[in-house]
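Colleague: First the structure, then my questions, so here it is.
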Amino acid sequence: MARELTEVGVVGLGTMGAGIAEVLARAGLSVTAVDVTGEAVQRGREHVEQSTGKAVARGKLGTGERDEILSRIRFTTAMEDLAAAELVVEAIPERMELKAQVFAKLDAICPPDTILATNTSSLSVTELSVTTGRPGKVIGMHFFNPAPVMKLVEIVRTVVTEPAVVEDVEALAARLGKVDVTIGDKAGFIANALLFGYLNHAVSMYENRYASREDIDAAMRLGCGLPMGPLALMDLIGIDTAYEILVTMYQQSRNRLHAPSPVIKQMMTAGLLGRKVGRGFYTYAGRDSAEVVPDAQTPSATGAAEGARPVRSVGVVGSGTMATGIVEVVAKGGYDVTFVARTLDKVEAVQQALSRSLDKQVARGRLEQAERDAVLGRVTGSAQLDDLAGADLVIEAVVEHLGVKQALFGALGEIVKPGAVLATTTSSLPVIECATASGRAGDVVGLHFFNPAPVMKLVEVVSTIATEPDVAATAHAVCAQIGKHAVSCTDRAGFIVNALLFPYLNDAVKMLEAHYATADDIDAAMKVGCGYPMGPFELLDVVGLDVSLAIERELYTEFREPGFAPAPLLEHLVTAGYLGRKAGRGFRDHSHR
């Protein structure tokens, strides 16, 4: 049975350490909080006072409760004051030599049964444990910043950590009101191992000038529902901290995707460390400010749409969910829309689906009846491609098969009037293949909508090597008219979102495949620790394992990056027909839902 700890210590009173001290005191424990200088101790005290003061102001703490919390924390510069502690959490900077010195001192000061915990986010807990005479009493207890708010704690056991120690720390995490995942000692643990590979990939995308910082961040926020874009998150974490974590991960994994992008080291050397200094990937109003201010890289508000061709009428080819959604958003944007389906039955099905969607919006008060009628009045259905001859823009949303799309673009190139823009909604196929098939490659652009199109705000505007500038500008102008946020990129596998999302999902599958953590723990780590709307395995089951595998194969084929090779477990599940929710089983059983 787990011990009920009462006397604990924290070493290191920066933002994280002070936050941990507050969390422990809130749970009723007696806390000794230590740092090396009086100034550091005072900053730690002020941090706790400010944090609890804000909680009182927001009505989350009573004044009396706050006073009790503060009374439970004794601030000191003397490590010897930890002599009675039953558990000590170390939260000093991520440098192994510094942590080793602290652990050696704690080993000499604390009783033999005291648990020594490290808040490291990436260093080897095992390596720290052997600097003491009690390696079985050493464990990782990785809180997330800000500790009073973030619910996740990663509990990291080494090969020699005693089971009773793990039980004691798990019980403490529950008492603190945290969600804990218990895992082995591997660089990055769960959350950082998955997060920093993705962040590093995003930095490489920016460094290679594939897309702007604003477009990369907007794409991941709007396309995946993430709380922050990757480059803004790098600035929040700190460029130096990110560099150290990536170096540690690479030294252990030798995975080239963990090798820090060169620009990270360059920024660190130049002192561009992110929000804490007022400048990183973005420029901020001041040190520790969250307010982004314009700088030399900030794009003009309307620049992307300058020089657009005039568009009054739009054609849409297709009858599936995506095509129907595009018809709706384009018609709601004020354009006259002609959609073409293969048969008259499919034409009728699209019109009925469109009417149902608009009727629901009227019933929910999101759309006026008159506007619903006006939208339907702007839409015409047809089973003949020739009816698109006069359209200014034609958007293709047919099956994701290159041969089918090439044949369609060949026909559109002959039918649609000169000067009209032809767009494909492909999410993974080369846009240039469609463009070449049309015989008018300069007029072709990718317009990658996200599903469901009426809800998702993001559209990736994909220019090929042949796309005329005014064609890309036209795509941006239309997106603005229909209320979408357009981001620019060029024609390569995955574009922005899928190129960043699917390697992350693949890494999660490899982590599961290696039996490092369960699917439930991995999903919990990313949702609770990183604020993701869905865990990777939840998302894979929703997207479809077959769809995910196809995208990962496209990425691997194009980039030839070994780390992009689809995990064998994903291949096996698809072969077995476990395709996710649509099949009733994927990484989880959905048959009873």
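Chain labels A, B, ... are given in the sequence in which chains occur in the structure tokens; within each chain residues are numbered consecutively from 1, and ligands are likewise numbered from 1 in the order shown.
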Using 12 Å as the limit and counting only C-alpha atoms, can you tabulate each residue of stretch 224-327 of chain A that touches stretch 371-383 of chain A, with its shortest atom-to-atom distance in Å and the two atoms involved, as a Markdown table?
Modeller:
| residue | atom | partner | partner_atom | distance |
| --- | --- | --- | --- | --- |
| A:Arg312 | CA | A:Arg378 | CA | 11.3 |
| A:Ser313 | CA | A:Arg378 | CA | 9.6 |
| A:Val314 | CA | A:Val379 | CA | 9.7 |
| A:Gly315 | CA | A:Thr380 | CA | 9.5 |
| A:Val316 | CA | A:Gly381 | CA | 9.5 |
| A:Val317 | CA | A:Ala383 | CA | 9.6 |
| A:Gly318 | CA | A:Ala383 | CA | 10.0 |
| A:Ser319 | CA | A:Gly381 | CA | 10.1 |
| A:Thr324 | CA | A:Val379 | CA | 11.0 |
| A:Ile326 | CA | A:Val379 | CA | 11.5 |
| A:Val327 | CA | A:Val379 | CA | 7.7 |
Colleague: With N, CA, C and O atoms retained, export the selected residues as a short mmCIF file (atom, residue, chain, number, x, y, z; two decimals), in the first residue's frame.
Modeller:
data_model
loop_
_atom_site.label_atom_id
_atom_site.label_comp_id
_atom_site.auth_asym_id
_atom_site.auth_seq_id
_atom_site.Cartn_x
_atom_site.Cartn_y
_atom_site.Cartn_z
N ARG A 312 -16.92 35.24 -61.10
CA ARG A 312 -18.34 35.44 -60.82
C ARG A 312 -19.06 34.10 -60.69
O ARG A 312 -19.96 33.95 -59.88
N SER A 313 -18.66 33.14 -61.52
CA SER A 313 -19.33 31.84 -61.50
C SER A 313 -18.30 30.74 -61.23
O SER A 313 -17.17 30.79 -61.71
N VAL A 314 -18.72 29.75 -60.43
CA VAL A 314 -17.82 28.66 -60.01
C VAL A 314 -18.45 27.32 -60.37
O VAL A 314 -19.65 27.12 -60.18
N GLY A 315 -17.62 26.43 -60.87
CA GLY A 315 -18.05 25.07 -61.12
C GLY A 315 -17.43 24.13 -60.10
O GLY A 315 -16.30 24.35 -59.65
N VAL A 316 -18.17 23.10 -59.71
CA VAL A 316 -17.66 22.07 -58.80
C VAL A 316 -17.95 20.71 -59.43
O VAL A 316 -19.08 20.46 -59.86
N VAL A 317 -16.93 19.85 -59.47
CA VAL A 317 -17.10 18.51 -60.02
C VAL A 317 -17.01 17.50 -58.89
O VAL A 317 -16.00 17.44 -58.18
N GLY A 318 -18.05 16.69 -58.74
CA GLY A 318 -18.06 15.68 -57.69
C GLY A 318 -19.40 15.67 -56.97
O GLY A 318 -20.18 16.63 -57.07
N SER A 319 -19.67 14.57 -56.25
CA SER A 319 -20.96 14.45 -55.55
C SER A 319 -20.82 13.89 -54.14
O SER A 319 -21.82 13.60 -53.50
N THR A 324 -20.03 18.34 -51.94
CA THR A 324 -21.27 18.97 -51.47
C THR A 324 -20.96 20.12 -50.52
O THR A 324 -21.58 21.19 -50.58
N ILE A 326 -18.23 21.94 -50.48
CA ILE A 326 -17.65 23.05 -51.25
C ILE A 326 -18.74 23.81 -51.98
O ILE A 326 -18.73 25.06 -52.02
N VAL A 327 -19.70 23.10 -52.55
CA VAL A 327 -20.83 23.77 -53.20
C VAL A 327 -21.51 24.71 -52.20
O VAL A 327 -21.83 25.87 -52.51
#
Colleague: Skipping near chain neighbours, those fewer than 4 positions away, what residues fall within 12 Å of A:Met534 using only C-alpha atoms, listed as JSON, numbers by chain?
Modeller: {"A": [224, 225, 226, 227, 505, 520, 522, 523, 524, 525, 526, 527, 528, 529, 530, 538, 539, 540, 541, 542, 543]}
Colleague: Write out, as CSV, each residue of stretch 228-251 of chain A that has an atom at most 9 Å from stretch 269-279 of chain A, together with the closest pair of atoms and their distance in Å to one decimal, counting only C-alpha atoms, rows going by chain and rising number.
Modeller:
residue,atom,partner,partner_atom,distance
A:Ala232,CA,A:Gly274,CA,8.5
A:Met234,CA,A:Gly274,CA,7.2
A:Asp235,CA,A:Gly274,CA,3.9
A:Leu236,CA,A:Arg275,CA,5.7
A:Ile237,CA,A:Gly274,CA,7.6
A:Gly238,CA,A:Gly274,CA,5.3
A:Ile239,CA,A:Leu273,CA,4.7
A:Asp240,CA,A:Leu273,CA,6.1
A:Thr241,CA,A:Leu273,CA,8.6
Colleague: Those same residues - N, CA and C atoms - I'd like them written as an mmCIF file, in the first residue's frame.
Modeller:
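Written out: again-v4.cif:
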data_model
loop_
_atom_site.group_PDB
_atom_site.id
_atom_site.type_symbol
_atom_site.label_atom_id
_atom_site.label_comp_id
_atom_site.auth_asym_id
_atom_site.auth_seq_id
_atom_site.Cartn_x
_atom_site.Cartn_y
_atom_site.Cartn_z
ATOM 1 N N ALA A 232 5.105 29.341 -32.986
ATOM 2 C CA ALA A 232 4.721 30.125 -31.799
ATOM 3 C C ALA A 232 4.988 29.318 -30.533
ATOM 4 N N MET A 234 7.327 26.996 -30.181
ATOM 5 C CA MET A 234 8.783 27.008 -29.981
ATOM 6 C C MET A 234 9.201 28.274 -29.242
ATOM 7 N N ASP A 235 8.627 29.409 -29.627
ATOM 8 C CA ASP A 235 8.944 30.670 -28.949
ATOM 9 C C ASP A 235 8.517 30.646 -27.490
ATOM 10 N N LEU A 236 7.389 30.012 -27.203
ATOM 11 C CA LEU A 236 6.908 29.934 -25.826
ATOM 12 C C LEU A 236 7.804 29.019 -24.990
ATOM 13 N N ILE A 237 8.173 27.879 -25.538
ATOM 14 C CA ILE A 237 9.031 26.921 -24.828
ATOM 15 C C ILE A 237 10.410 27.515 -24.578
ATOM 16 N N GLY A 238 10.914 28.236 -25.567
ATOM 17 C CA GLY A 238 12.279 28.768 -25.522
ATOM 18 C C GLY A 238 13.145 28.015 -26.516
ATOM 19 N N ILE A 239 13.789 28.739 -27.410
ATOM 20 C CA ILE A 239 14.594 28.109 -28.465
ATOM 21 C C ILE A 239 15.751 27.324 -27.855
ATOM 22 N N ASP A 240 16.339 27.840 -26.785
ATOM 23 C CA ASP A 240 17.447 27.134 -26.140
ATOM 24 C C ASP A 240 16.968 25.845 -25.479
ATOM 25 N N THR A 241 15.822 25.902 -24.825
ATOM 26 C CA THR A 241 15.264 24.701 -24.193
ATOM 27 C C THR A 241 14.933 23.647 -25.245
#
Colleague: Nearest residue to A:Cys434 out of A:Leu402, A:Ala499, A:Ala411, A:Leu24, using only C-alpha atoms?
Modeller: A:Leu402
Colleague: What are the closest atom pairs, with distances in Å to one decimal, for each residue of stretch 477-582 of chain A lying within 8 Å of stretch 329-349 of chain A, using only C-alpha atoms, rows by chain and rising residue number, as CSV?
Modeller:
residue,atom,partner,partner_atom,distance
A:Gln481,CA,A:Gly333,CA,5.8
A:Ile482,CA,A:Gly333,CA,4.2
A:Gly483,CA,A:Gly333,CA,7.2
Colleague: Which residue gives the smallest distance to A:Pro536 among A:Ala191, A:Ala173, A:Ala301, A:Val159, with only C-alpha atoms counted?
Modeller: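 For A:Pro536, the nearest of the given residues is A:Ala191.
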